[in-house]
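Text of protein18.json, listed as JSON, C-alpha atoms:
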```json
[["chain", "number", "residue", "atom", "x", "y", "z"],
["A", 991, "MET", "CA", 124.98, 109.88, 211.22],
["A", 992, "THR", "CA", 123.86, 109.97, 207.58],
["A", 993, "HIS", "CA", 126.85, 110.05, 205.23],
["A", 994, "LEU", "CA", 127.19, 111.85, 201.91],
["A", 995, "ASP", "CA", 126.24, 109.89, 198.79],
["A", 996, "PRO", "CA", 129.44, 108.41, 197.21],
["A", 997, "ASP", "CA", 128.56, 109.99, 193.84],
["A", 998, "ASP", "CA", 128.15, 113.40, 195.51],
["A", 999, "LEU", "CA", 131.56, 112.99, 197.17],
["A", 1000, "VAL", "CA", 133.14, 112.48, 193.75],
["A", 1001, "ARG", "CA", 131.29, 115.45, 192.28],
["A", 1002, "LEU", "CA", 132.33, 117.55, 195.29],
["A", 1003, "ALA", "CA", 135.98, 116.63, 194.66],
["A", 1004, "LEU", "CA", 135.52, 117.57, 190.99],
["A", 1005, "ASP", "CA", 133.79, 120.84, 192.02],
["A", 1006, "LEU", "CA", 130.70, 119.90, 190.00],
["A", 1007, "LEU", "CA", 127.98, 120.19, 192.65],
["A", 1008, "PRO", "CA", 125.48, 123.11, 192.57],
["A", 1009, "GLU", "CA", 126.45, 125.89, 194.96],
["A", 1010, "GLU", "CA", 123.90, 125.07, 197.67],
["A", 1011, "ALA", "CA", 124.70, 121.34, 197.56],
["A", 1012, "ARG", "CA", 128.42, 122.20, 197.66],
["A", 1013, "ARG", "CA", 127.97, 124.32, 200.82],
["A", 1014, "GLN", "CA", 125.94, 121.57, 202.48],
["A", 1015, "GLY", "CA", 128.54, 118.96, 201.51],
["A", 1016, "LEU", "CA", 131.42, 121.00, 202.91],
["A", 1017, "ALA", "CA", 129.47, 121.60, 206.12],
["A", 1018, "HIS", "CA", 128.92, 117.86, 206.46],
["A", 1019, "LEU", "CA", 132.64, 117.18, 205.92],
["A", 1020, "ARG", "CA", 133.52, 119.45, 208.84],
["A", 1021, "ARG", "CA", 131.60, 117.21, 211.26],
["A", 1022, "CYS", "CA", 132.04, 113.76, 209.64],
["A", 1023, "PRO", "CA", 135.58, 112.25, 209.77],
["A", 1024, "SER", "CA", 134.59, 109.28, 207.59],
["A", 1025, "CYS", "CA", 133.32, 111.36, 204.66],
["A", 1026, "ARG", "CA", 136.18, 113.82, 205.13],
["A", 1027, "ALA", "CA", 138.73, 111.01, 204.73],
["A", 1028, "ALA", "CA", 136.97, 109.71, 201.60],
["A", 1029, "TYR", "CA", 136.84, 113.25, 200.16],
["A", 1030, "ARG", "CA", 140.57, 113.77, 200.75],
["A", 1031, "ALA", "CA", 141.32, 110.41, 199.10],
["A", 1032, "HIS", "CA", 139.33, 111.51, 196.03],
["A", 1033, "LEU", "CA", 141.23, 114.82, 195.89],
["A", 1034, "GLU", "CA", 144.62, 113.12, 196.14],
["A", 1035, "ALA", "CA", 143.75, 110.58, 193.46],
["A", 1036, "LEU", "CA", 142.28, 113.15, 191.09],
["A", 1037, "SER", "CA", 145.24, 115.50, 191.51],
["A", 1038, "ALA", "CA", 147.55, 112.71, 190.37],
["A", 1039, "LEU", "CA", 145.58, 112.47, 187.11],
["A", 1040, "VAL", "CA", 145.92, 116.13, 186.09],
["A", 1041, "PRO", "CA", 147.90, 116.33, 182.82],
["A", 1042, "GLU", "CA", 151.26, 118.09, 182.82],
["A", 1043, "ALA", "CA", 150.11, 120.38, 179.99],
["A", 1044, "PRO", "CA", 146.42, 121.24, 180.56],
["A", 1045, "VAL", "CA", 144.33, 121.63, 177.41],
["A", 1046, "PRO", "CA", 142.73, 125.10, 177.21],
["A", 1047, "PRO", "CA", 138.89, 125.17, 177.26],
["A", 1048, "SER", "CA", 138.88, 126.58, 173.72],
["A", 1049, "TRP", "CA", 141.02, 123.80, 172.23],
["A", 1050, "GLU", "CA", 138.14, 122.22, 170.30],
["A", 1051, "ALA", "CA", 137.04, 125.43, 168.58],
["A", 1052, "GLU", "CA", 140.62, 126.42, 167.83],
["A", 1053, "LEU", "CA", 141.40, 123.00, 166.35],
["A", 1054, "ARG", "CA", 138.28, 123.09, 164.14],
["A", 1055, "GLU", "CA", 139.21, 126.57, 162.95],
["A", 1056, "ARG", "CA", 142.75, 125.49, 162.09],
["A", 1057, "LEU", "CA", 141.50, 122.40, 160.23],
["A", 1058, "ARG", "CA", 138.84, 124.31, 158.22],
["A", 1059, "PRO", "CA", 139.70, 123.98, 154.48],
["A", 1060, "ARG", "CA", 140.89, 127.20, 152.87],
["A", 1061, "PRO", "CA", 141.92, 127.90, 149.25],
["A", 1062, "LEU", "CA", 145.69, 127.95, 148.88],
["A", 1063, "TRP", "CA", 147.84, 129.43, 146.15],
["A", 1064, "PRO", "CA", 150.60, 127.03, 144.96],
["A", 1065, "ARG", "CA", 153.32, 128.69, 147.05],
["A", 1066, "ARG", "CA", 151.10, 128.81, 150.12],
["A", 1067, "ARG", "CA", 150.22, 125.15, 149.57],
["A", 1068, "VAL", "CA", 153.91, 124.18, 149.69],
["A", 1069, "LEU", "CA", 154.36, 126.27, 152.84],
["A", 1070, "ALA", "CA", 151.30, 124.66, 154.46],
["A", 1071, "LEU", "CA", 152.58, 121.17, 153.68],
["A", 1072, "GLY", "CA", 155.94, 122.05, 155.20],
["A", 1073, "LEU", "CA", 154.34, 123.43, 158.36],
["A", 1074, "SER", "CA", 152.10, 120.35, 158.61],
["A", 1075, "ALA", "CA", 155.16, 118.10, 158.43],
["A", 1076, "LEU", "CA", 156.84, 120.11, 161.22],
["A", 1077, "LEU", "CA", 153.69, 119.93, 163.35],
["A", 1078, "LEU", "CA", 153.42, 116.16, 162.89],
["A", 1079, "ALA", "CA", 157.09, 115.77, 163.80],
["A", 1080, "PHE", "CA", 156.55, 117.83, 166.96],
["A", 1081, "LEU", "CA", 153.47, 115.88, 167.98],
["A", 1082, "GLY", "CA", 155.18, 112.58, 167.31],
["A", 1083, "SER", "CA", 158.26, 113.41, 169.34],
["A", 1084, "PHE", "CA", 156.81, 115.37, 172.22],
["A", 1085, "GLY", "CA", 153.19, 116.44, 172.30],
["A", 1086, "LEU", "CA", 151.06, 113.60, 170.99],
["A", 1087, "ARG", "CA", 151.10, 111.42, 174.10],
["A", 1088, "THR", "CA", 150.33, 114.37, 176.42],
["A", 1089, "TRP", "CA", 147.53, 115.48, 174.09],
["A", 1090, "GLN", "CA", 146.05, 111.96, 173.99],
["A", 1091, "ARG", "CA", 146.20, 111.74, 177.78],
["A", 1092, "ALA", "CA", 144.47, 115.11, 178.21],
["A", 1093, "LEU", "CA", 141.69, 114.15, 175.80],
["A", 1094, "ALA", "CA", 141.22, 110.79, 177.55],
["A", 1095, "GLU", "CA", 140.95, 112.44, 180.97],
["A", 1096, "ARG", "CA", 138.54, 115.08, 179.68],
["A", 1097, "ARG", "CA", 136.15, 112.40, 178.35],
["A", 1098, "PHE", "CA", 136.52, 110.14, 181.41],
["A", 1099, "PHE", "CA", 135.80, 112.83, 184.01],
["A", 1100, "ALA", "CA", 132.89, 114.21, 181.99],
["A", 1101, "LEU", "CA", 131.28, 110.76, 182.18],
["A", 1102, "ALA", "CA", 132.24, 110.39, 185.86],
["A", 1103, "ALA", "CA", 130.33, 113.58, 186.67],
["A", 1104, "GLU", "CA", 127.06, 112.29, 185.20],
["A", 1105, "PRO", "CA", 124.31, 111.26, 187.66],
["A", 1106, "GLY", "CA", 124.47, 107.61, 188.65],
["A", 1107, "ALA", "CA", 128.12, 107.12, 187.62],
["A", 1108, "ARG", "CA", 130.29, 105.06, 189.98],
["A", 1109, "LEU", "CA", 134.03, 105.68, 190.30],
["A", 1110, "MET", "CA", 136.59, 103.49, 192.05],
["A", 1111, "PRO", "CA", 140.39, 103.07, 192.10],
["A", 1112, "LEU", "CA", 142.25, 100.77, 189.74],
["A", 1113, "LEU", "CA", 144.86, 98.93, 191.83],
["A", 1114, "SER", "CA", 148.02, 96.99, 191.04],
["A", 1115, "PRO", "CA", 148.59, 93.60, 192.74],
["A", 1116, "SER", "CA", 150.72, 95.42, 195.35],
["A", 1117, "GLY", "CA", 147.84, 97.75, 196.18],
["A", 1118, "ARG", "CA", 149.26, 100.83, 194.43],
["A", 1119, "GLN", "CA", 146.67, 102.96, 192.66],
["A", 1120, "THR", "CA", 147.38, 103.07, 188.92],
["A", 1121, "GLY", "CA", 144.17, 104.69, 187.70],
["A", 1122, "TRP", "CA", 140.39, 104.69, 187.96],
["A", 1123, "ALA", "CA", 137.53, 102.41, 186.93],
["A", 1124, "LEU", "CA", 134.15, 103.91, 186.03],
["A", 1125, "ARG", "CA", 130.68, 102.44, 185.57],
["A", 1126, "THR", "CA", 128.23, 104.85, 183.97],
["A", 1127, "ALA", "CA", 124.54, 104.92, 184.80],
["A", 1128, "GLN", "CA", 123.98, 103.00, 181.55],
["A", 1129, "GLY", "CA", 126.30, 100.18, 182.67],
["A", 1130, "GLU", "CA", 129.21, 101.12, 180.39],
["A", 1131, "VAL", "CA", 132.63, 100.42, 181.95],
["A", 1132, "LEU", "CA", 135.71, 102.58, 181.30],
["A", 1133, "LEU", "CA", 139.23, 102.45, 182.71],
["A", 1134, "LEU", "CA", 141.65, 105.37, 182.92],
["A", 1135, "LEU", "CA", 145.34, 104.73, 183.67],
["A", 1136, "LYS", "CA", 147.57, 107.43, 185.16],
["A", 1137, "SER", "CA", 150.01, 107.21, 182.26],
["A", 1138, "PRO", "CA", 149.98, 106.03, 178.63],
["A", 1139, "PRO", "CA", 151.41, 102.61, 177.70],
["A", 1140, "PRO", "CA", 155.17, 102.46, 176.98],
["A", 1141, "PRO", "CA", 156.26, 103.39, 173.43],
["A", 1142, "GLY", "CA", 155.54, 100.61, 170.97],
["A", 1143, "ARG", "CA", 153.12, 98.88, 173.36],
["A", 1144, "VAL", "CA", 149.39, 99.00, 174.10],
["A", 1145, "TYR", "CA", 147.12, 98.49, 177.07],
["A", 1146, "GLN", "CA", 144.92, 95.41, 176.85],
["A", 1147, "ALA", "CA", 141.86, 95.04, 179.07],
["A", 1148, "TRP", "CA", 140.67, 91.67, 180.39],
["A", 1149, "LEU", "CA", 137.53, 90.28, 181.94],
["A", 1150, "ILE", "CA", 138.64, 87.90, 184.72],
["A", 1151, "GLN", "CA", 136.26, 85.00, 185.42],
["A", 1152, "ASP", "CA", 137.08, 81.73, 187.20],
["A", 1153, "GLY", "CA", 140.80, 82.29, 186.68],
["A", 1154, "ARG", "CA", 140.37, 82.82, 182.92],
["A", 1155, "ARG", "CA", 141.00, 86.00, 180.95],
["A", 1156, "LYS", "CA", 138.82, 87.26, 178.11],
["A", 1157, "SER", "CA", 140.17, 90.18, 176.08],
["A", 1158, "LEU", "CA", 138.02, 93.32, 176.17],
["A", 1159, "GLY", "CA", 140.09, 95.38, 173.74],
["A", 1160, "LEU", "CA", 143.28, 97.37, 173.16],
["A", 1161, "SER", "CA", 144.18, 101.03, 173.56],
["A", 1162, "LEU", "CA", 147.14, 103.22, 172.62],
["A", 1163, "THR", "CA", 145.94, 105.84, 175.13],
["A", 1164, "PRO", "CA", 145.36, 105.73, 178.92],
["A", 1165, "LEU", "CA", 141.61, 105.33, 178.31],
["A", 1166, "LEU", "CA", 139.98, 101.91, 177.71],
["A", 1167, "GLU", "CA", 136.27, 101.78, 176.90],
["A", 1168, "LEU", "CA", 135.04, 98.26, 177.66],
["A", 1169, "GLY", "CA", 131.34, 98.56, 176.89],
["A", 1170, "PRO", "CA", 128.54, 97.18, 179.09],
["A", 1171, "LEU", "CA", 129.57, 94.55, 181.67],
["A", 1172, "PRO", "CA", 127.57, 92.77, 184.41],
["A", 1173, "GLU", "CA", 127.61, 94.28, 187.90],
["A", 1174, "GLY", "CA", 130.54, 93.01, 189.97],
["A", 1175, "SER", "CA", 132.74, 92.15, 186.96],
["A", 1176, "LEU", "CA", 136.45, 91.86, 187.73],
["A", 1177, "VAL", "CA", 138.52, 93.64, 185.07],
["A", 1178, "GLY", "CA", 142.27, 94.04, 184.67],
["A", 1179, "VAL", "CA", 144.83, 95.69, 182.39],
["A", 1180, "SER", "CA", 148.18, 94.47, 181.07],
["A", 1181, "VAL", "CA", 150.82, 95.92, 178.74],
["A", 1182, "GLU", "CA", 151.00, 94.01, 175.45],
["A", 1183, "PRO", "CA", 152.47, 94.15, 171.91],
["A", 1184, "PRO", "CA", 150.66, 96.42, 169.41],
["A", 1185, "GLU", "CA", 148.58, 93.55, 168.02],
["A", 1186, "GLY", "CA", 147.53, 92.37, 171.49],
["A", 1187, "SER", "CA", 147.86, 88.92, 173.02],
["A", 1188, "PRO", "CA", 145.55, 85.90, 173.48],
["A", 1189, "ALA", "CA", 146.46, 85.96, 177.20],
["A", 1190, "PRO", "CA", 148.33, 88.48, 179.42],
["A", 1191, "THR", "CA", 152.11, 88.40, 178.92],
["A", 1192, "THR", "CA", 152.97, 90.94, 181.64],
["A", 1193, "PRO", "CA", 151.90, 91.40, 185.27],
["A", 1194, "SER", "CA", 148.62, 93.24, 185.83],
["A", 1195, "VAL", "CA", 148.89, 97.02, 185.67],
["A", 1196, "GLY", "CA", 145.67, 97.38, 187.62],
["A", 1197, "ARG", "CA", 142.42, 95.65, 188.58],
["A", 1198, "ALA", "CA", 138.99, 96.67, 189.80],
["A", 1199, "ARG", "CA", 135.68, 94.98, 190.51],
["A", 1200, "ILE", "CA", 133.16, 97.24, 188.89]]
```
As structure tokens, please, write out the structure in this file.
Amino acid sequence: MTHLDPDDLVRLALDLLPEEARRQGLAHLRRCPSCRAAYRAHLEALSALVPEAPVPPSWEAELRERLRPRPLWPRRRVLALGLSALLLAFLGSFGLRTWQRALAERRFFALAAEPGARLMPLLSPSGRQTGWALRTAQGEVLLLLKSPPPPGRVYQAWLIQDGRRKSLGLSLTPLLELGPLPEGSLVGVSVEPPEGSPAPTTPSVGRARI
């Protein structure tokens, strides 16, 4: 039996296939246990990555409108500064990390839906899924963790070759953009101090060969 293309399985889980291709894919799943199991695994993994506070589709336009410069009278300027301080305090204490996570997921899944993109699980040493690894059609590699790093810490990505680790960058958000890497590269993530480390100082959060 011919199986569904792995990229089409991901797009089917994301509900991004054209209608006719979606109907054909669902019909294939009804008669193919192997593809059906892979499809369910994609759904379960993707559902775990949905943010607690979904960003509305209009968030970008609304944010641009709110940030558009407007003339302010002196009293209104003082009021605006006060409201800005309250907003920053709110974001810092509650909303910023959720907002960053939602933006990271939006960008990651937009790239994952592009033709030729390859998506695979990011796994901890114990085999627990902690996120996803993505190779775009252009060879760019991105990692998305299920949660942000702990407060006061960052994620640091590593290229693992012959038992050695080469740093690929830091991130305050769940998303790490590693740039182009050779096919079959083994990458990992650790939690590090804000300035990063010359070598991992904590156990691996997740690994993938991408």
Selected residue, from A:Gly1159, A:Gly1121, A:Pro996, A:Gly1178, that lies nearest to Gly1015 in chain A when counting only C-alpha atoms: A:Pro996
Two-atom distance - CA of Ser1187 in chain A, CA of Leu1165 in chain A (Å): 18.3 Å
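Shortest atom-to-atom contact with Trp1122 in chain A among A:Cys1025, A:Met1110, A:Leu994, A:Leu1171: A:Met1110, counting only C-alpha atoms.
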My list of candidates is A:Ala1189, A:Leu1016, A:Leu1093, A:Val1177. Which is closest to Val1131 in chain A when distances are computed with all atoms listed in the file? A:Val1177
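Counting all atoms listed in the file and comparing A:Phe1098, A:Thr1126, A:Arg1154, A:Arg1199, the residue that lies closest to Gly1174 in chain A is A:Arg1199.
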What gap, in Å, lies between CA of Val1181 in chain A and CA of Leu1101 in chain A? 24.8 Å
Using only C-alpha atoms, which protein or nucleic acid residues come within 10 Å of Gln1151 in chain A? Drop anything in the same chain fewer than 3 positions from it, and give the result as a PyMOL selection string. chain A and resi 1148+1154-1156+1175-1177
Pick out the closest residue to Ala1198 in chain A from this set: A:Gly1117, A:Pro1023, A:Pro1105, A:Gly1142. Count only C-alpha atoms.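 When distances to Ala1198 in chain A are compared using only C-alpha atoms, the smallest one comes from A:Gly1117.
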Nearby residues, (141.9, 100.4, 184.3) file frame, 9 Å, all atoms listed in the file, as a ChimeraX atom specification: /A:1111-1113,1120-1124,1132-1135,1147,1164-1166,1177-1179,1195-1198
